[in-house]
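*Asks:* CSV, C-alpha atoms, file entry_11.csv:
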chain,number,residue,atom,x,y,z
A,29,MET,CA,100.9,-35.5,-11.2
A,30,PHE,CA,99.9,-37.7,-8.3
A,31,PHE,CA,97.6,-37.0,-5.5
A,32,LYS,CA,100.1,-36.7,-2.7
A,33,ALA,CA,103.4,-36.0,-4.6
A,34,ARG,CA,105.4,-32.8,-4.1
A,35,ARG,CA,103.6,-31.7,-1.0
A,36,TYR,CA,106.7,-30.7,0.9
A,37,GLN,CA,107.3,-27.0,0.4
A,38,PHE,CA,108.9,-26.9,3.9
A,39,CYS,CA,110.7,-29.4,6.0
A,40,PRO,CA,108.5,-31.0,8.7
A,41,SER,CA,111.6,-31.6,10.9
A,42,CYS,CA,113.0,-28.0,11.0
A,43,GLY,CA,110.6,-25.7,9.0
A,44,ALA,CA,113.2,-24.5,6.4
A,45,PRO,CA,112.3,-24.6,2.7
A,46,CYS,CA,112.6,-27.9,0.8
A,47,VAL,CA,113.7,-28.4,-2.8
A,48,TYR,CA,113.1,-31.3,-5.0
A,49,GLN,CA,116.3,-32.9,-6.2
A,50,VAL,CA,117.8,-36.4,-6.8
A,51,PRO,CA,119.8,-37.5,-3.8
A,52,ALA,CA,123.1,-39.3,-4.2
A,53,ASP,CA,122.5,-43.0,-4.8
A,54,ASP,CA,118.9,-42.4,-5.8
A,55,ASN,CA,117.1,-42.0,-9.2
A,56,ARG,CA,114.1,-39.9,-8.3
A,57,GLU,CA,113.6,-36.3,-7.2
A,58,ARG,CA,112.8,-36.2,-3.4
A,59,ALA,CA,111.9,-33.3,-1.1
A,60,THR,CA,115.2,-32.3,0.5
A,61,CYS,CA,115.6,-29.8,3.2
A,62,THR,CA,117.9,-26.8,2.3
A,63,ARG,CA,118.9,-26.5,6.0
A,64,CYS,CA,119.1,-29.8,7.7
A,65,GLY,CA,119.3,-32.0,4.6
A,66,THR,CA,116.6,-34.4,5.6
A,67,ILE,CA,115.0,-36.3,2.7
A,68,HIS,CA,111.3,-36.7,2.8
A,69,TYR,CA,109.9,-39.6,0.9
A,70,GLU,CA,106.4,-39.8,-0.6
A,71,ASN,CA,104.8,-43.2,-1.1
A,72,PRO,CA,101.5,-44.8,-1.9
A,73,ILE,CA,99.2,-45.5,1.0
A,74,ASN,CA,96.6,-48.2,1.7
A,75,VAL,CA,92.8,-48.1,1.8
A,76,VAL,CA,91.4,-51.1,3.6
A,77,GLY,CA,87.8,-52.3,3.7
A,78,THR,CA,85.5,-55.3,3.8
A,79,LEU,CA,82.9,-57.0,1.6
A,80,PRO,CA,80.5,-57.9,4.4
A,81,VAL,CA,78.0,-60.7,3.5
A,82,TRP,CA,74.8,-61.8,5.4
A,83,GLY,CA,73.6,-65.3,4.6
A,84,GLU,CA,75.1,-68.1,2.5
A,85,GLY,CA,74.9,-69.0,-1.2
A,86,PRO,CA,73.1,-67.1,-4.0
A,87,ASP,CA,70.7,-65.5,-1.5
A,88,GLY,CA,73.5,-63.9,0.5
A,89,GLN,CA,73.2,-60.1,0.8
A,90,VAL,CA,76.0,-57.6,0.7
A,91,LEU,CA,76.3,-54.6,3.0
A,92,LEU,CA,76.7,-51.2,1.4
A,93,CYS,CA,76.9,-47.7,3.0
A,94,LYS,CA,75.5,-44.5,1.6
A,95,ARG,CA,78.2,-41.8,2.1
A,96,ALA,CA,77.4,-38.9,4.3
A,97,ILE,CA,80.7,-37.1,3.4
A,98,GLU,CA,82.6,-35.9,0.3
A,99,PRO,CA,83.9,-37.2,-2.0
A,100,ARG,CA,80.9,-39.0,-3.5
A,101,TYR,CA,78.3,-37.8,-1.0
A,102,GLY,CA,75.1,-39.8,-1.3
A,103,LEU,CA,76.7,-42.7,-3.3
A,104,TRP,CA,77.1,-46.3,-2.1
A,105,THR,CA,80.3,-47.8,-0.9
A,106,LEU,CA,81.7,-50.8,0.9
A,107,PRO,CA,83.0,-49.9,4.3
A,108,ALA,CA,86.6,-48.8,3.8
A,109,GLY,CA,89.2,-46.1,4.8
A,110,PHE,CA,92.8,-45.3,5.2
A,111,LEU,CA,95.0,-47.8,7.1
A,112,GLU,CA,96.3,-46.3,10.2
A,113,LEU,CA,99.7,-46.7,11.9
A,114,GLY,CA,99.5,-49.2,14.7
A,115,GLU,CA,97.2,-51.7,13.0
A,116,THR,CA,97.4,-54.6,10.5
A,117,ALA,CA,95.4,-54.4,7.2
A,118,ILE,CA,92.8,-56.8,8.5
A,119,GLU,CA,92.4,-54.9,11.8
A,120,GLY,CA,92.0,-51.6,9.8
A,121,ALA,CA,89.4,-53.2,7.6
A,122,LYS,CA,87.4,-54.4,10.6
A,123,ARG,CA,87.7,-51.0,12.3
A,124,GLU,CA,86.4,-49.2,9.3
A,125,THR,CA,83.5,-51.7,9.1
A,126,ASP,CA,82.6,-50.9,12.6
A,127,GLU,CA,83.1,-47.1,12.3
A,128,GLU,CA,81.2,-46.6,9.0
A,129,ALA,CA,78.4,-49.2,9.4
A,130,GLY,CA,78.4,-50.2,13.0
A,131,ALA,CA,78.5,-53.8,11.6
A,132,GLN,CA,80.1,-56.6,13.5
A,133,VAL,CA,81.9,-59.2,11.3
A,134,GLU,CA,84.0,-62.3,11.3
A,135,MET,CA,86.9,-61.4,9.0
A,136,GLN,CA,87.8,-63.8,6.2
A,137,GLU,CA,90.6,-63.8,3.5
A,138,LEU,CA,92.0,-60.9,1.5
A,139,TYR,CA,89.8,-60.9,-1.6
A,140,CYS,CA,90.9,-57.9,-3.8
A,141,LEU,CA,94.1,-56.0,-4.1
A,142,LEU,CA,93.6,-53.1,-6.5
A,143,ASN,CA,96.2,-50.5,-7.4
A,144,VAL,CA,94.9,-47.0,-8.0
A,145,VAL,CA,98.2,-45.5,-9.3
A,146,SER,CA,96.6,-42.1,-10.3
A,147,VAL,CA,96.0,-41.2,-6.6
A,148,GLY,CA,98.9,-43.2,-5.1
A,149,GLN,CA,96.7,-45.8,-3.4
A,150,ILE,CA,96.3,-49.5,-3.0
A,151,HIS,CA,92.8,-50.7,-2.0
A,152,LEU,CA,92.6,-54.0,-0.1
A,153,PHE,CA,89.2,-55.6,0.5
A,154,TYR,CA,88.6,-58.6,2.8
A,155,ARG,CA,85.6,-60.9,2.7
A,156,ALA,CA,83.7,-60.8,5.9
A,157,ARG,CA,80.8,-62.7,7.4
A,158,LEU,CA,78.2,-60.5,9.1
A,159,LEU,CA,77.3,-61.7,12.6
A,160,SER,CA,74.0,-59.8,12.6
A,161,PRO,CA,71.8,-57.9,10.1
A,162,GLU,CA,71.6,-54.9,12.5
A,163,PHE,CA,73.8,-51.9,11.8
A,164,ASP,CA,74.5,-48.6,13.6
A,165,PRO,CA,76.0,-46.3,11.0
A,166,GLY,CA,78.6,-43.7,12.1
A,167,PRO,CA,78.7,-40.0,11.1
A,168,GLU,CA,80.3,-40.8,7.7
A,169,THR,CA,77.3,-42.9,6.6
A,170,LEU,CA,73.7,-41.8,5.9
A,171,GLU,CA,72.4,-45.3,5.7
A,172,ALA,CA,73.7,-48.9,5.9
A,173,ARG,CA,71.7,-51.7,4.3
A,174,LEU,CA,71.8,-55.1,2.8
A,175,PHE,CA,71.4,-55.7,-0.9
A,176,HIS,CA,70.6,-58.8,-2.9
A,177,GLU,CA,72.6,-59.0,-6.1
A,178,HIS,CA,69.6,-57.8,-8.2
A,179,GLU,CA,69.1,-54.8,-5.9
A,180,VAL,CA,72.7,-53.4,-6.1
A,181,PRO,CA,72.5,-49.7,-7.3
A,182,TRP,CA,75.2,-50.1,-9.9
A,183,ASP,CA,74.8,-46.5,-11.2
A,184,GLN,CA,75.3,-45.1,-7.7
A,185,ILE,CA,78.5,-46.8,-6.6
A,186,ALA,CA,81.0,-44.4,-5.1
A,187,PHE,CA,84.3,-45.9,-6.2
A,188,ARG,CA,85.6,-48.1,-9.0
A,189,THR,CA,87.5,-50.4,-6.6
A,190,VAL,CA,84.2,-51.0,-4.8
A,191,ARG,CA,82.4,-51.7,-8.1
A,192,GLN,CA,85.1,-54.1,-9.2
A,193,THR,CA,85.2,-55.9,-5.8
A,194,LEU,CA,81.4,-56.4,-6.0
A,195,GLN,CA,81.6,-57.6,-9.6
A,196,HIS,CA,84.3,-60.2,-8.8
A,197,PHE,CA,82.2,-61.4,-5.8
A,198,PHE,CA,79.0,-61.9,-7.7
A,199,GLU,CA,80.8,-63.6,-10.6
A,200,ASP,CA,82.7,-66.0,-8.4
A,201,ARG,CA,79.5,-66.8,-6.6
A,202,ARG,CA,77.5,-67.3,-9.7
A,203,LEU,CA,80.2,-69.6,-11.2
A,204,GLN,CA,80.7,-71.3,-7.8
A,205,ARG,CA,84.4,-70.6,-7.9
A,206,PRO,CA,86.5,-70.6,-4.7
A,207,TYR,CA,86.9,-67.0,-3.4
A,208,SER,CA,90.6,-66.5,-4.0
A,209,LEU,CA,92.5,-63.3,-4.4
A,210,HIS,CA,91.8,-60.9,-7.3
A,211,SER,CA,94.6,-58.5,-8.1
A,212,GLY,CA,94.2,-55.7,-10.6
A,213,ASP,CA,94.8,-52.0,-11.5
A,214,ILE,CA,92.3,-49.2,-11.9
A,215,VAL,CA,93.5,-47.1,-14.8
B,26,MET,CA,106.1,-45.3,19.2
B,27,PHE,CA,106.1,-46.2,15.5
B,28,PHE,CA,108.8,-45.6,13.0
B,29,LYS,CA,107.2,-42.7,11.1
B,30,ALA,CA,104.7,-41.3,13.5
B,31,ARG,CA,104.9,-37.8,14.9
B,32,ARG,CA,107.4,-36.6,12.5
B,33,TYR,CA,105.7,-33.3,11.7
B,34,GLN,CA,107.2,-30.6,13.9
B,35,PHE,CA,106.5,-28.0,11.1
B,36,CYS,CA,103.9,-27.8,8.4
B,37,PRO,CA,105.2,-28.9,5.0
B,38,SER,CA,102.7,-26.6,3.3
B,39,CYS,CA,103.5,-23.3,5.0
B,40,GLY,CA,106.4,-23.9,7.4
B,41,ALA,CA,104.6,-22.9,10.6
B,42,PRO,CA,104.7,-25.1,13.7
B,43,CYS,CA,102.4,-28.1,14.0
B,44,VAL,CA,100.7,-29.5,17.0
B,45,TYR,CA,99.3,-33.0,17.5
B,46,GLN,CA,95.5,-32.8,18.3
B,47,VAL,CA,92.4,-34.7,17.5
B,48,PRO,CA,90.6,-33.0,14.6
B,49,ALA,CA,86.8,-32.5,14.6
B,50,ASP,CA,85.1,-35.7,13.4
B,51,ASP,CA,88.2,-37.8,14.0
B,52,ASN,CA,89.4,-40.0,16.9
B,53,ARG,CA,93.2,-39.8,16.6
B,54,GLU,CA,95.8,-37.1,17.1
B,55,ARG,CA,97.0,-35.7,13.8
B,56,ALA,CA,99.7,-33.2,13.0
B,57,THR,CA,97.8,-29.9,12.5
B,58,CYS,CA,99.3,-26.6,11.4
B,59,THR,CA,98.9,-23.8,13.9
B,60,ARG,CA,98.8,-21.3,11.0
B,61,CYS,CA,97.1,-22.7,7.9
B,62,GLY,CA,95.2,-25.5,9.7
B,63,THR,CA,96.3,-28.2,7.3
B,64,ILE,CA,96.1,-31.7,8.8
B,65,HIS,CA,98.9,-34.0,7.9
B,66,TYR,CA,98.2,-37.7,8.1
B,67,GLU,CA,100.8,-40.5,8.7
B,68,ASN,CA,100.1,-43.9,7.4
B,69,PRO,CA,101.8,-47.3,6.9
B,70,ILE,CA,103.7,-47.7,3.6
B,71,ASN,CA,104.5,-50.7,1.5
B,72,VAL,CA,107.6,-52.6,0.8
B,73,VAL,CA,107.4,-54.7,-2.4
B,74,GLY,CA,109.7,-57.5,-3.6
B,75,THR,CA,109.9,-60.8,-5.3
B,76,LEU,CA,110.7,-64.4,-4.6
B,77,PRO,CA,112.7,-65.2,-7.8
B,78,VAL,CA,113.0,-68.9,-8.7
B,79,TRP,CA,115.3,-70.5,-11.3
B,80,GLY,CA,114.2,-74.0,-12.4
B,81,GLU,CA,111.2,-76.1,-11.6
B,82,GLY,CA,110.3,-78.5,-8.9
B,83,PRO,CA,112.3,-79.4,-5.8
B,84,ASP,CA,115.6,-78.5,-7.6
B,85,GLY,CA,114.5,-74.9,-8.3
B,86,GLN,CA,116.9,-72.4,-6.8
B,87,VAL,CA,115.9,-69.0,-5.1
B,88,LEU,CA,117.7,-65.8,-5.7
B,89,LEU,CA,119.1,-63.9,-2.7
B,90,CYS,CA,121.0,-60.6,-2.5
B,91,LYS,CA,123.7,-59.8,0.0
B,92,ARG,CA,123.1,-56.3,1.2
B,93,ALA,CA,125.7,-53.6,0.5
B,94,ILE,CA,123.8,-51.0,2.6
B,95,GLU,CA,122.5,-50.6,6.2
B,96,PRO,CA,120.4,-51.8,7.8
B,97,ARG,CA,121.6,-55.4,7.8
B,98,TYR,CA,124.8,-54.8,5.8
B,99,GLY,CA,126.2,-58.2,4.7
B,100,LEU,CA,123.1,-60.2,5.3
B,101,TRP,CA,120.9,-61.9,2.7
B,102,THR,CA,117.6,-60.7,1.4
B,103,LEU,CA,115.0,-61.1,-1.3
B,104,PRO,CA,115.1,-58.2,-3.7
B,105,ALA,CA,112.6,-55.6,-2.2
B,106,GLY,CA,112.2,-51.9,-1.5
B,107,PHE,CA,109.7,-49.2,-0.9
B,108,LEU,CA,106.8,-48.9,-3.4
B,109,GLU,CA,107.0,-45.6,-5.2
B,110,LEU,CA,104.3,-43.2,-6.4
B,111,GLY,CA,103.5,-43.8,-10.1
B,112,GLU,CA,103.7,-47.6,-10.0
B,113,THR,CA,101.6,-50.6,-9.1
B,114,ALA,CA,102.8,-53.1,-6.5
B,115,ILE,CA,103.8,-55.6,-9.1
B,116,GLU,CA,105.7,-53.0,-11.1
B,117,GLY,CA,107.5,-51.9,-8.0
B,118,ALA,CA,108.5,-55.4,-7.1
B,119,LYS,CA,109.8,-56.0,-10.6
B,120,ARG,CA,111.8,-52.7,-10.5
B,121,GLU,CA,113.4,-53.6,-7.2
B,122,THR,CA,114.4,-57.0,-8.6
B,123,ASP,CA,116.1,-55.3,-11.5
B,124,GLU,CA,117.7,-52.5,-9.4
B,125,GLU,CA,119.0,-54.8,-6.6
B,126,ALA,CA,119.9,-57.9,-8.5
B,127,GLY,CA,119.9,-57.0,-12.2
B,128,ALA,CA,117.6,-60.0,-12.5
B,129,GLN,CA,115.0,-60.3,-15.3
B,130,VAL,CA,111.9,-62.1,-14.2
B,131,GLU,CA,108.4,-63.1,-15.3
B,132,MET,CA,106.1,-61.8,-12.5
B,133,GLN,CA,103.6,-64.3,-11.0
B,134,GLU,CA,101.0,-64.0,-8.3
B,135,LEU,CA,101.2,-62.2,-4.9
B,136,TYR,CA,102.5,-64.8,-2.5
B,137,CYS,CA,103.0,-63.1,0.9
B,138,LEU,CA,101.3,-60.1,2.6
B,139,LEU,CA,103.0,-59.5,5.9
B,140,ASN,CA,102.1,-56.7,8.3
B,141,VAL,CA,105.1,-55.2,10.2
B,142,VAL,CA,103.1,-52.9,12.5
B,143,SER,CA,106.0,-51.9,14.7
B,144,VAL,CA,107.5,-50.0,11.8
B,145,GLY,CA,104.3,-49.0,10.0
B,146,GLN,CA,104.9,-51.2,6.9
B,147,ILE,CA,103.2,-53.9,4.8
B,148,HIS,CA,105.6,-56.2,2.9
B,149,LEU,CA,104.3,-57.7,-0.3
B,150,PHE,CA,106.2,-60.5,-2.0
B,151,TYR,CA,105.4,-61.8,-5.5
B,152,ARG,CA,106.6,-65.1,-6.9
B,153,ALA,CA,108.7,-64.6,-10.0
B,154,ARG,CA,110.2,-66.9,-12.6
B,155,LEU,CA,113.8,-66.0,-13.5
B,156,LEU,CA,114.4,-65.7,-17.2
B,157,SER,CA,118.1,-66.2,-16.8
B,158,PRO,CA,120.6,-67.3,-14.1
B,159,GLU,CA,122.8,-64.3,-14.9
B,160,PHE,CA,122.6,-61.3,-12.6
B,161,ASP,CA,124.0,-57.8,-12.5
B,162,PRO,CA,123.8,-56.5,-8.9
B,163,GLY,CA,123.2,-52.8,-8.3
B,164,PRO,CA,125.0,-50.5,-5.8
B,165,GLU,CA,122.8,-51.8,-2.9
B,166,THR,CA,123.9,-55.4,-3.4
B,167,LEU,CA,127.3,-57.0,-2.7
B,168,GLU,CA,126.4,-60.3,-4.4
B,169,ALA,CA,123.4,-61.9,-6.0
B,170,ARG,CA,123.3,-65.7,-6.2
B,171,LEU,CA,121.1,-68.7,-6.5
B,172,PHE,CA,120.5,-71.1,-3.5
B,173,HIS,CA,119.2,-74.6,-3.3
B,174,GLU,CA,117.0,-75.1,-0.3
B,175,HIS,CA,119.7,-76.8,1.7
B,176,GLU,CA,122.2,-74.0,0.9
B,177,VAL,CA,120.0,-71.1,2.3
B,178,PRO,CA,122.0,-69.2,5.0
B,179,TRP,CA,119.1,-69.2,7.5
B,180,ASP,CA,121.3,-67.5,10.2
B,181,GLN,CA,122.2,-64.7,7.9
B,182,ILE,CA,118.8,-63.6,6.6
B,183,ALA,CA,118.3,-59.8,6.8
B,184,PHE,CA,114.6,-59.5,7.6
B,185,ARG,CA,111.9,-61.6,9.2
B,186,THR,CA,109.5,-61.1,6.3
B,187,VAL,CA,112.1,-62.5,4.0
B,188,ARG,CA,112.7,-65.5,6.2
B,189,GLN,CA,108.9,-66.1,6.5
B,190,THR,CA,108.4,-65.9,2.7
B,191,LEU,CA,111.2,-68.4,2.1
B,192,GLN,CA,109.8,-70.8,4.7
B,193,HIS,CA,106.3,-70.6,3.2
B,194,PHE,CA,107.8,-71.3,-0.2
B,195,PHE,CA,109.9,-74.3,0.7
B,196,GLU,CA,107.0,-75.8,2.8
B,197,ASP,CA,104.4,-75.3,0.0
B,198,ARG,CA,106.9,-76.9,-2.4
B,199,ARG,CA,107.7,-79.8,-0.2
B,200,LEU,CA,104.1,-80.6,0.4
B,201,GLN,CA,103.2,-79.9,-3.3
B,202,ARG,CA,100.5,-77.4,-2.2
B,203,PRO,CA,99.4,-74.8,-4.7
B,204,TYR,CA,101.2,-71.5,-4.2
B,205,SER,CA,98.3,-69.3,-2.9
B,206,LEU,CA,98.5,-66.2,-0.8
B,207,HIS,CA,100.0,-66.3,2.7
B,208,SER,CA,98.9,-63.4,5.0
B,209,GLY,CA,100.4,-62.8,8.4
B,210,ASP,CA,101.8,-60.4,10.9
B,211,ILE,CA,105.4,-59.9,12.2
B,212,VAL,CA,105.1,-59.2,15.9
If you convert what's in this file into structure tokens, what do you get?
*Replies:*
Amino acid sequence: MFFKARRYQFCPSCGAPCVYQVPADDNRERATCTRCGTIHYENPINVVGTLPVWGEGPDGQVLLCKRAIEPRYGLWTLPAGFLELGETAIEGAKRETDEEAGAQVEMQELYCLLNVVSVGQIHLFYRARLLSPEFDPGPETLEARLFHEHEVPWDQIAFRTVRQTLQHFFEDRRLQRPYSLHSGDIV
Amino acid sequence: MFFKARRYQFCPSCGAPCVYQVPADDNRERATCTRCGTIHYENPINVVGTLPVWGEGPDGQVLLCKRAIEPRYGLWTLPAGFLELGETAIEGAKRETDEEAGAQVEMQELYCLLNVVSVGQIHLFYRARLLSPEFDPGPETLEARLFHEHEVPWDQIAFRTVRQTLQHFFEDRRLQRPYSLHSGDIV
């Protein structure tokens, strides 16, 4: 059904088998331990990233990373990854930008919130101002480089949320609209 | 450390003991199965809710729910709860509003995104227009009622993210600012 649902065959607290059943005062099946009774919930998680831009106005370039890992090896993405415990969304997005591209940025506002229900994820992209055009890609990235709008490899973009974030940005910029939040769903 | 971290004593896939260690190509300790090798990640989850308003302008009233469950039994909250697999953030917020208050709403924009790092949560509140002043509270709610700004029980608000969302709303309304996204952290 969904990417991470129904993954509890055994109880992570005591190791006994789990069954999926609807707890009292609930309306969904949850993994429930047959020995200690602990209920284990499964919920969507967050992917956080940035839309890093170098330069102002219509000549500003965006940073993309060519993936060195699966899924989507060899395709281009914005720097992004799973939000970790112990950090805010904006901290996670900045960390991923450093880890994947070695890019230093000044973080700006949340720009896209995109639900990817089929895999139980929310993708959050923040606008970011690049402080330098020099990058130092990490092990998950083959190459990090800047693209003018007309250079973006639209047929080699790794993820639909990345494509949609880039499309919103170029459209807002072309129409000289303020960069306010875009919310949407990937279906 | 954090609310949901280090909860894998046993592997949910095979039931064998887990140890926390840093996987190859990673930089954090993860629960790793000593038998099947599966790595189990722990990530922040999302709480989604609404700020339901009845009426327009400075006389508009907000809907609060008096909690019938712990934590914070007897204190007042905006309708909110954990985002579930299979739904978007806005769908989850609408569902919680129905489940906790029996309130029917027209959903509006995302209004607050608040990181609660200490418990590994992001709280997302959407503005919502109440379609009726009649409510039908569910089992998690003792009472659902409308409050004018001067009636809000500020010393009996259940959660800091709820307090902050209400404060932003009344301030934006008082200053006649557009209702755009507020991002912040609860520390």
*Asks:* What's around B:Cys90 at 10 Å? Count all atoms listed in the file, leave out sequence neighbours fewer than 3 positions away in its own chain, and write the answer as number ranges by chain.
*Replies:* B: 93, 99-105, 122, 125-126, 162-163, 165-171, 182-183
*Asks:* Interatomic distance between atom CA of A:Pro45 and atom CA of B:Gly62?
*Replies:* 18.5 Å
*Asks:* At a cut-off of 9 Å, using only C-alpha atoms, what residues contact stretch 188-198 of chain B? Leave out same-chain residues fewer than 4 positions from it and give the result as a ChimeraX atom specification.
*Replies:* /B:76,82-83,87,102-103,136-137,139,150,174,179,182-184,202-204,207
*Asks:* May I have the protein, DNA and RNA residues with an atom at most 10 Å from (97.7, -29.4, 7.2), counting all atoms listed in the file in the file's coordinates, returned as a list in words?
*Replies:*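 With a cut-off of 10 Å, the residues come to Tyr33, Phe35, Cys36, Pro37, Ser38, Cys39, Cys43, Arg55, Ala56, Thr57, Cys58, Thr59, Arg60, Cys61, Gly62, Thr63, Ile64, His65 and Tyr66 of chain B.
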*Asks:* I'd like the contact shell of B:Ser208 - 10 Å cut-off, all atoms listed in the file, skipping same-chain residues fewer than 4 positions apart - returned as a list of chain:residue names.
*Replies:*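 Listed by chain and then number, they are A:Ala117, A:Ile118, A:Glu137, A:Leu138, B:Tyr136, B:Cys137, B:Leu138, B:Leu139, B:Asn140, B:Leu149.
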*Asks:* Specify as a VMD selection string all residues of chain A found within 8 Å of chain B, counting all atoms listed in the file.
*Replies:* chain A and resid 30 33 35 to 45 53 70 to 74 110 to 117 143 to 146 148 209 213
*Asks:* Between atom CA of B:Trp79 and atom CA of B:Ala118, what is the distance in Å, rounded to a tenth?
*Replies:*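 These two atoms are separated by 17.1 Å.
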*Asks:* When you draw a straight line from atom CA of A:Gln204 to atom CA of A:Glu124, how long is it in Å?
*Replies:* 28.5 Å
